[in-house]
file input_33.cif (mmCIF, C-alpha atoms)
data_my_file
loop_
_atom_site.label_atom_id
_atom_site.label_comp_id
_atom_site.auth_asym_id
_atom_site.auth_seq_id
_atom_site.Cartn_x
_atom_site.Cartn_y
_atom_site.Cartn_z
CA MET A 2 -22.51 9.63 3.80
CA ALA A 3 -25.00 12.36 4.62
CA ILE A 4 -27.06 13.84 1.80
CA ALA A 5 -28.89 17.13 1.53
CA ALA A 6 -30.05 19.05 -1.51
CA GLY A 7 -27.62 21.38 -3.25
CA ALA A 8 -23.89 21.54 -4.07
CA PRO A 9 -21.55 18.95 -2.50
CA SER A 10 -19.14 19.58 0.34
CA LEU A 11 -16.40 16.93 0.09
CA ALA A 12 -13.95 15.44 2.56
CA THR A 13 -11.50 12.63 1.83
CA ALA A 14 -9.79 10.02 3.97
CA GLN A 15 -6.99 7.54 3.17
CA VAL A 16 -7.24 4.13 4.81
CA GLY A 17 -4.68 1.36 5.19
CA ALA A 18 -1.39 2.61 3.73
CA ASP A 19 0.51 0.88 6.58
CA LEU A 20 -0.36 -2.63 5.43
CA SER A 21 2.39 -5.00 4.26
CA ILE A 22 2.41 -8.60 3.12
CA SER A 23 5.12 -11.26 2.81
CA PRO A 24 6.22 -13.06 0.69
CA LYS A 25 5.53 -11.19 -2.55
CA ARG A 26 4.60 -14.33 -4.45
CA VAL A 27 3.40 -17.87 -3.64
CA THR A 28 4.08 -20.68 -6.11
CA PHE A 29 2.88 -24.25 -5.69
CA ASP A 30 4.93 -26.69 -7.77
CA GLU A 31 3.38 -29.98 -8.83
CA ALA A 32 4.00 -31.46 -5.36
CA GLY A 33 3.00 -28.34 -3.39
CA ARG A 34 0.04 -28.53 -1.00
CA SER A 35 0.21 -25.62 1.46
CA ALA A 36 1.94 -22.29 2.08
CA THR A 37 2.06 -19.50 4.65
CA VAL A 38 1.66 -15.76 4.10
CA TYR A 39 2.10 -13.03 6.71
CA ILE A 40 0.25 -9.72 6.84
CA PHE A 41 1.53 -6.94 9.07
CA ASN A 42 0.04 -3.72 10.42
CA ARG A 43 2.87 -1.19 10.40
CA GLY A 44 0.60 1.65 11.44
CA SER A 45 -0.01 3.34 14.77
CA GLN A 46 -3.67 2.32 15.05
CA ALA A 47 -5.56 -0.96 15.06
CA ALA A 48 -6.88 -1.96 11.64
CA THR A 49 -9.26 -4.56 10.22
CA TYR A 50 -8.51 -6.34 6.96
CA SER A 51 -10.59 -8.51 4.66
CA LEU A 52 -8.95 -11.19 2.51
CA GLY A 53 -10.11 -12.60 -0.78
CA LEU A 54 -9.02 -14.12 -4.08
CA VAL A 55 -9.21 -11.85 -7.14
CA ASP A 56 -8.40 -12.82 -10.72
CA ARG A 57 -6.05 -10.25 -12.25
CA VAL A 58 -4.32 -10.18 -15.62
CA MET A 59 -1.16 -8.59 -16.93
CA THR A 60 -1.30 -6.57 -20.14
CA PRO A 61 1.75 -6.16 -22.43
CA ASP A 62 2.57 -2.77 -20.87
CA GLY A 63 3.17 -4.55 -17.56
CA GLN A 64 0.05 -3.24 -15.82
CA ILE A 65 -1.85 -5.69 -13.62
CA ARG A 66 -5.61 -5.20 -13.67
CA THR A 67 -8.72 -7.08 -12.70
CA VAL A 68 -10.29 -9.00 -15.57
CA ALA A 69 -13.03 -6.35 -15.81
CA GLU A 70 -10.52 -3.49 -15.86
CA ALA A 71 -8.33 -5.23 -18.42
CA ALA A 72 -11.27 -5.50 -20.82
CA GLY A 73 -10.88 -1.77 -21.54
CA ALA A 74 -7.11 -1.90 -22.12
CA PRO A 75 -5.27 -2.69 -25.37
CA ASP A 76 -4.95 -6.48 -25.70
CA GLY A 77 -6.67 -6.82 -22.31
CA VAL A 78 -9.55 -8.96 -23.57
CA ALA A 79 -7.13 -11.42 -25.18
CA ALA A 80 -5.05 -11.58 -22.01
CA GLY A 81 -8.14 -12.20 -19.88
CA ALA A 82 -9.24 -15.03 -22.14
CA ARG A 83 -5.88 -16.77 -21.68
CA LEU A 84 -5.85 -16.55 -17.89
CA LYS A 85 -6.31 -19.85 -16.05
CA SER A 86 -7.85 -18.97 -12.69
CA ALA A 87 -6.62 -20.75 -9.57
CA ALA A 88 -9.48 -19.49 -7.40
CA ALA A 89 -11.37 -22.78 -7.48
CA LEU A 90 -8.21 -24.67 -6.46
CA LEU A 91 -7.36 -22.61 -3.37
CA THR A 92 -8.64 -22.33 0.17
CA PHE A 93 -7.29 -19.96 2.83
CA ALA A 94 -7.94 -18.73 6.35
CA PRO A 95 -8.64 -16.36 7.98
CA ARG A 96 -10.81 -14.21 5.72
CA ARG A 97 -11.01 -11.24 8.07
CA VAL A 98 -8.67 -10.11 10.84
CA THR A 99 -8.12 -7.14 13.16
CA LEU A 100 -4.51 -6.30 14.02
CA LYS A 101 -3.14 -3.99 16.66
CA PRO A 102 -0.25 -1.65 15.73
CA GLY A 103 2.84 -3.71 15.02
CA GLU A 104 0.90 -6.98 15.06
CA SER A 105 1.08 -9.65 12.34
CA GLN A 106 -1.22 -12.45 11.22
CA THR A 107 -0.44 -15.81 9.62
CA VAL A 108 -2.56 -16.74 6.61
CA ARG A 109 -2.64 -20.41 5.60
CA ILE A 110 -3.21 -21.26 1.94
CA ARG A 111 -3.95 -24.77 0.69
CA VAL A 112 -4.29 -26.06 -2.85
CA LEU A 113 -6.78 -28.81 -3.71
CA ARG A 114 -6.04 -30.45 -7.06
CA PRO A 115 -8.76 -32.43 -8.81
CA ALA A 116 -7.57 -35.77 -10.13
CA ASP A 117 -8.28 -34.61 -13.68
CA LEU A 118 -6.61 -31.18 -13.42
CA ALA A 119 -5.04 -30.39 -16.78
CA VAL A 120 -1.33 -29.65 -17.05
CA GLY A 121 -0.64 -25.92 -16.98
CA GLU A 122 -0.22 -22.87 -14.78
CA TYR A 123 -3.14 -21.43 -12.81
CA ARG A 124 -3.12 -18.08 -10.97
CA SER A 125 -5.22 -15.87 -8.77
CA HIS A 126 -4.22 -13.01 -6.44
CA LEU A 127 -4.59 -13.04 -2.68
CA THR A 128 -5.89 -9.53 -1.98
CA VAL A 129 -5.82 -7.96 1.47
CA THR A 130 -8.02 -4.87 1.79
CA ASP A 131 -8.25 -2.47 4.70
CA VAL A 132 -11.77 -2.21 6.11
CA PRO A 133 -12.55 1.42 7.02
CA PRO A 134 -13.40 2.00 10.69
CA GLU A 135 -16.80 3.31 11.64
CA THR A 136 -15.19 6.70 12.28
CA ALA A 137 -14.37 6.97 8.57
CA GLY A 138 -17.97 8.06 7.96
CA LEU A 139 -19.63 11.34 8.83
CA THR A 140 -21.13 11.88 12.27
CA ALA A 141 -24.50 13.59 12.58
CA GLU A 142 -22.72 16.78 13.66
CA GLU A 143 -20.35 16.68 10.65
CA ALA A 144 -23.25 16.04 8.31
CA ALA A 145 -25.03 19.11 9.67
CA ALA A 146 -21.90 21.30 9.40
CA PRO A 147 -22.27 22.35 5.71
CA GLY A 148 -24.43 25.32 4.97
CA ALA A 149 -28.10 24.99 4.25
CA GLY A 150 -28.87 23.25 0.99
CA GLU A 151 -25.40 21.70 0.70
CA LEU A 152 -24.44 18.04 0.26
CA ALA A 153 -21.98 16.56 2.79
CA VAL A 154 -19.94 13.64 1.41
CA ARG A 155 -16.83 11.87 2.70
CA VAL A 156 -14.88 9.81 0.17
CA VAL A 157 -12.81 7.03 1.74
CA ALA A 158 -9.92 5.71 -0.39
CA LEU A 159 -9.44 2.05 0.49
CA PHE A 160 -5.99 0.49 0.34
CA SER A 161 -5.27 -3.07 -0.70
CA VAL A 162 -2.24 -5.25 -1.39
CA SER A 163 -2.22 -8.26 -3.70
CA ILE A 164 0.24 -11.07 -4.32
CA PRO A 165 0.02 -13.71 -7.05
CA VAL A 166 -0.73 -17.27 -5.97
CA ILE A 167 0.35 -19.70 -8.68
CA VAL A 168 -0.49 -23.37 -9.02
CA ARG A 169 1.61 -25.35 -11.47
CA GLN A 170 0.33 -28.69 -12.65
CA GLY A 171 3.20 -30.54 -14.23
CA PRO A 172 6.87 -29.51 -14.41
CA ALA A 173 7.75 -25.81 -14.67
CA ASP A 174 8.70 -24.67 -18.17
CA VAL A 175 10.67 -21.43 -17.68
CA GLN A 176 12.33 -20.11 -20.85
CA ALA A 177 12.92 -16.53 -21.97
CA GLY A 178 14.38 -14.27 -24.62
CA ILE A 179 15.30 -10.60 -24.98
CA ASP A 180 14.08 -8.86 -28.11
CA ALA A 181 13.49 -5.46 -29.75
CA VAL A 182 16.17 -3.49 -27.87
CA ARG A 183 15.91 0.28 -28.45
CA PHE A 184 17.84 3.25 -27.12
CA SER A 185 16.61 6.80 -26.60
CA VAL A 186 17.58 9.94 -24.71
CA LYS A 187 15.02 11.94 -22.77
CA ASP A 188 15.48 15.50 -21.59
CA SER A 189 13.88 16.39 -18.27
CA PRO A 190 12.76 20.03 -17.82
CA ALA A 191 15.16 22.47 -16.18
CA SER A 192 14.64 22.91 -12.43
CA GLY A 193 15.68 26.18 -10.80
CA ALA A 194 19.34 26.94 -11.51
CA ALA A 195 19.95 23.44 -12.87
CA GLY A 196 19.68 22.91 -16.58
CA ALA A 197 17.78 20.17 -18.36
CA LYS A 198 19.02 16.68 -17.52
CA ARG A 199 19.61 14.11 -20.25
CA THR A 200 18.73 10.51 -19.35
CA GLY A 201 19.50 7.47 -21.45
CA VAL A 202 16.70 4.92 -21.64
CA LEU A 203 17.01 1.35 -22.87
CA SER A 204 13.73 -0.31 -23.88
CA VAL A 205 13.59 -4.09 -24.16
CA ASP A 206 10.98 -6.74 -24.75
CA LEU A 207 11.11 -9.72 -22.39
CA VAL A 208 9.77 -12.72 -24.29
CA ARG A 209 8.18 -15.67 -22.50
CA GLN A 210 9.16 -18.72 -24.52
CA GLY A 211 8.04 -21.50 -22.14
CA ALA A 212 4.62 -22.35 -20.73
CA SER A 213 5.37 -20.92 -17.26
CA SER A 214 5.41 -17.31 -16.12
CA LEU A 215 8.74 -15.51 -15.84
CA PHE A 216 10.06 -13.92 -12.65
CA GLY A 217 13.47 -12.32 -12.54
CA ASP A 218 15.83 -9.37 -12.43
CA VAL A 219 17.12 -7.41 -15.41
CA GLU A 220 20.70 -6.11 -15.34
CA ILE A 221 22.37 -3.79 -17.87
CA ARG A 222 26.15 -3.54 -17.91
CA ALA A 223 28.60 -1.56 -20.04
CA VAL A 224 30.98 -3.89 -21.88
CA LYS A 225 34.68 -3.17 -21.32
CA ALA A 226 37.46 -5.10 -23.07
CA GLY A 227 34.91 -7.61 -24.29
CA LYS A 228 33.47 -8.34 -20.83
CA PRO A 229 30.47 -6.94 -18.92
CA GLY A 230 31.64 -4.19 -16.55
CA GLU A 231 29.82 -1.51 -14.56
CA VAL A 232 26.07 -1.81 -13.95
CA ILE A 233 24.30 1.19 -15.52
CA GLY A 234 20.66 0.11 -15.30
CA GLY A 235 18.17 -2.63 -14.61
CA ALA A 236 15.04 -3.65 -12.69
CA LYS A 237 14.28 -6.16 -9.95
CA GLY A 238 11.21 -8.32 -9.44
CA VAL A 239 10.04 -8.28 -13.06
CA ALA A 240 7.26 -10.68 -14.06
CA VAL A 241 5.83 -11.82 -17.37
CA TYR A 242 2.65 -13.76 -16.64
CA GLY A 243 1.33 -16.66 -18.66
CA GLU A 244 -1.46 -14.73 -20.38
CA ILE A 245 1.00 -12.57 -22.36
CA ASP A 246 3.91 -13.62 -24.57
CA ARG A 247 6.03 -10.50 -24.11
CA ARG A 248 6.32 -7.42 -21.96
CA THR A 249 8.02 -4.12 -22.78
CA LEU A 250 10.28 -2.46 -20.20
CA ALA A 251 11.70 1.08 -20.40
CA LEU A 252 14.80 1.17 -18.18
CA PRO A 253 16.50 4.48 -17.28
CA LEU A 254 20.30 4.34 -17.29
CA THR A 255 22.59 5.94 -14.72
CA ARG A 256 24.48 7.70 -17.53
CA VAL A 257 24.11 8.33 -21.23
CA PRO A 258 26.30 5.76 -23.02
CA ALA A 259 28.49 6.90 -25.89
CA SER A 260 27.67 6.13 -29.51
CA GLY A 261 29.24 2.79 -30.43
CA GLU A 262 29.35 1.60 -26.82
CA THR A 263 28.17 -1.98 -26.25
CA LEU A 264 25.69 -2.82 -23.50
CA ASN A 265 25.03 -6.30 -22.13
CA ILE A 266 21.48 -7.11 -20.99
CA VAL A 267 20.77 -10.14 -18.79
CA LEU A 268 17.52 -11.52 -17.36
CA ARG A 269 18.27 -13.63 -14.26
CA ASP A 270 15.78 -16.12 -12.89
CA ASP A 271 14.12 -15.51 -9.51
CA ASP A 272 11.89 -18.56 -9.60
CA THR A 273 12.92 -22.16 -10.18
CA ARG A 274 16.68 -21.57 -10.65
CA ALA A 275 17.48 -18.41 -8.73
CA GLY A 276 20.34 -16.42 -10.24
CA THR A 277 20.51 -18.39 -13.49
CA ALA A 278 20.72 -16.32 -16.66
CA LEU A 279 17.51 -16.99 -18.57
CA ALA A 280 18.34 -14.69 -21.47
CA THR A 281 21.12 -12.36 -22.56
CA ALA A 282 21.66 -9.89 -25.38
CA ASP A 283 24.30 -7.38 -26.48
CA PHE A 284 23.31 -4.01 -27.90
CA THR A 285 25.48 -1.41 -29.59
CA VAL A 286 24.38 2.18 -28.96
CA PRO A 287 23.76 3.91 -32.31
#
call {"tool": "encode", "arguments": {"input": "input_33.cif", "output": "structure tokens"}}
result
Amino acid sequence: MAIAAGAPSLATAQVGADLSISPKRVTFDEAGRSATVYIFNRGSQAATYSLGLVDRVMTPDGQIRTVAEAAGAPDGVAAGARLKSAAALLTFAPRRVTLKPGESQTVRIRVLRPADLAVGEYRSHLTVTDVPPETAGLTAEEAAAPGAGELAVRVVALFSVSIPVIVRQGPADVQAGIDAVRFSVKDSPASGAAGAKRTGVLSVDLVRQGASSLFGDVEIRAVKAGKPGEVIGGAKGVAVYGEIDRRTLALPLTRVPASGETLNIVLRDDDTRAGTALATADFTVP
């Protein structure tokens, strides 16, 4: 940043949008000791990344925020107070890496459990952040480019990717329910020659009934002849973390169902019993 008196002259730069990480979640069961994560530079230039553990919480609207950010959100303080951090239980390496275009890096994570660790679920988020190159700043020539009395500033937007790292002490307790199903129709504004489009939306509350977090896929089917038929909506990779009891989802449908039509909603597990129906509900469109 170069500073001179007067009005600012701003330039912006985006860093790190070509970063990917796999898998999308790491879970240590009660016997788990180590795991492997891969980070990958999909960009066309070399990039440097820093790695760290950050405690993040989920609020009932499904947003994931740092504990500090969540403090300003509805129910965020309560969610933060319920979080059990795994940061003190985890070690990982490396903590900083430079990758050429198309190159990947293995990250090793280990969990160290104290003998007196209480039964429960602990979580932190492995966060990989792009480190801006030296060229992301202003050179002396660029700093001198604005007119006399102007301020030259370059704002660099850093990019990071986080995945949850979960440590379970004791058996997993994964139970769920579906509650408070609501139906609405939203009209999108007309675009050009096309008229307004009507979209059916089904809102549901996913209820965490066990001690463990929920991870799964939601599927909405139209019921035909008493059996679930065509898929008309849903969402994949849905989580309800342990610091909240329920999360609200608003799911657009591929068509507007008719009044009196029955819809079948299923939450399928993507954690301890992949594909198992954790919860199901039928809803009749008013």
call {"tool": "closest_residue", "arguments": {"input": "input_33.cif", "among": "A:Ala87, A:Leu127, A:Ala94, A:Leu252", "to": "Val55 (chain A)", "atoms": "only C-alpha atoms"}}
result
A:Leu127
call {"tool": "resolve_selection", "arguments": {"input": "input_33.cif", "expression": "the PyMOL selection byres ((chain A and resi 242) around 7)", "output": "MDAnalysis selection string"}}
result
chainID A and resid 59 214:215 240:241 243:245
call {"tool": "residues_near_point", "arguments": {"input": "input_33.cif", "point": "(4.8, -24.4, -14.9)", "cutoff": "10 Å", "atoms": "only C-alpha atoms", "output": "list in words"}}
result
Thr28, Phe29, Asp30, Glu31, Val120, Gly121, Glu122, Tyr123, Ile167, Val168, Arg169, Gln170, Gly171, Pro172, Ala173, Asp174, Val175, Gly211, Ala212, Ser213, Ser214, Leu215, Gly243 and Thr273 of chain A
call {"tool": "closest_residue", "arguments": {"input": "input_33.cif", "among": "A:Val27, A:Leu84, A:Ala47, A:Leu203", "to": "Val286 (chain A)", "atoms": "only C-alpha atoms"}}
result
A:Leu203
call {"tool": "closest_residue", "arguments": {"input": "input_33.cif", "among": "A:Ser51, A:Thr263, A:Thr92, A:Thr281", "to": "Ala177 (chain A)", "atoms": "only C-alpha atoms"}}
result
A:Thr281
call {"tool": "build_atoms", "arguments": {"input": "input_33.cif", "residues": "region 245-256 of chain A", "atoms": "N, CA, C and O atoms", "output": "PDB file, in the frame of the given file"}}
result
ATOM      1  N   ILE A 245       0.365 -13.372 -21.310  1.00  0.00           N
ATOM      2  CA  ILE A 245       1.000 -12.570 -22.360  1.00  0.00           C
ATOM      3  C   ILE A 245       2.290 -13.246 -22.787  1.00  0.00           C
ATOM      4  O   ILE A 245       2.917 -13.984 -22.024  1.00  0.00           O
ATOM      5  N   ASP A 246       2.699 -13.003 -24.042  1.00  0.00           N
ATOM      6  CA  ASP A 246       3.910 -13.620 -24.570  1.00  0.00           C
ATOM      7  C   ASP A 246       5.132 -12.735 -24.392  1.00  0.00           C
ATOM      8  O   ASP A 246       6.260 -13.224 -24.391  1.00  0.00           O
ATOM      9  N   ARG A 247       4.910 -11.415 -24.270  1.00  0.00           N
ATOM     10  CA  ARG A 247       6.030 -10.500 -24.110  1.00  0.00           C
ATOM     11  C   ARG A 247       5.594  -9.260 -23.349  1.00  0.00           C
ATOM     12  O   ARG A 247       4.420  -8.902 -23.333  1.00  0.00           O
ATOM     13  N   ARG A 248       6.572  -8.641 -22.713  1.00  0.00           N
ATOM     14  CA  ARG A 248       6.320  -7.420 -21.960  1.00  0.00           C
ATOM     15  C   ARG A 248       7.426  -6.428 -22.259  1.00  0.00           C
ATOM     16  O   ARG A 248       8.610  -6.779 -22.278  1.00  0.00           O
ATOM     17  N   THR A 249       7.055  -5.171 -22.480  1.00  0.00           N
ATOM     18  CA  THR A 249       8.020  -4.120 -22.780  1.00  0.00           C
ATOM     19  C   THR A 249       8.429  -3.387 -21.510  1.00  0.00           C
ATOM     20  O   THR A 249       7.572  -2.989 -20.712  1.00  0.00           O
ATOM     21  N   LEU A 250       9.743  -3.223 -21.320  1.00  0.00           N
ATOM     22  CA  LEU A 250      10.280  -2.460 -20.200  1.00  0.00           C
ATOM     23  C   LEU A 250      11.066  -1.270 -20.734  1.00  0.00           C
ATOM     24  O   LEU A 250      11.831  -1.408 -21.693  1.00  0.00           O
ATOM     25  N   ALA A 251      10.891  -0.103 -20.112  1.00  0.00           N
ATOM     26  CA  ALA A 251      11.700   1.080 -20.400  1.00  0.00           C
ATOM     27  C   ALA A 251      12.567   1.341 -19.181  1.00  0.00           C
ATOM     28  O   ALA A 251      12.059   1.695 -18.114  1.00  0.00           O
ATOM     29  N   LEU A 252      13.880   1.156 -19.319  1.00  0.00           N
ATOM     30  CA  LEU A 252      14.800   1.170 -18.180  1.00  0.00           C
ATOM     31  C   LEU A 252      15.727   2.376 -18.248  1.00  0.00           C
ATOM     32  O   LEU A 252      16.602   2.457 -19.141  1.00  0.00           O
ATOM     33  N   PRO A 253      15.589   3.330 -17.314  1.00  0.00           N
ATOM     34  CA  PRO A 253      16.500   4.480 -17.280  1.00  0.00           C
ATOM     35  C   PRO A 253      17.919   4.017 -16.941  1.00  0.00           C
ATOM     36  O   PRO A 253      18.112   3.094 -16.138  1.00  0.00           O
ATOM     37  N   LEU A 254      18.898   4.670 -17.536  1.00  0.00           N
ATOM     38  CA  LEU A 254      20.300   4.340 -17.290  1.00  0.00           C
ATOM     39  C   LEU A 254      20.926   5.395 -16.370  1.00  0.00           C
ATOM     40  O   LEU A 254      20.483   6.540 -16.326  1.00  0.00           O
ATOM     41  N   THR A 255      21.952   5.004 -15.649  1.00  0.00           N
ATOM     42  CA  THR A 255      22.590   5.940 -14.720  1.00  0.00           C
ATOM     43  C   THR A 255      23.433   6.981 -15.442  1.00  0.00           C
ATOM     44  O   THR A 255      23.812   7.996 -14.861  1.00  0.00           O
ATOM     45  N   ARG A 256      23.762   6.720 -16.697  1.00  0.00           N
ATOM     46  CA  ARG A 256      24.480   7.700 -17.530  1.00  0.00           C
ATOM     47  C   ARG A 256      24.084   7.489 -18.971  1.00  0.00           C
ATOM     48  O   ARG A 256      23.508   6.441 -19.338  1.00  0.00           O
TER      49      ARG A 256
END
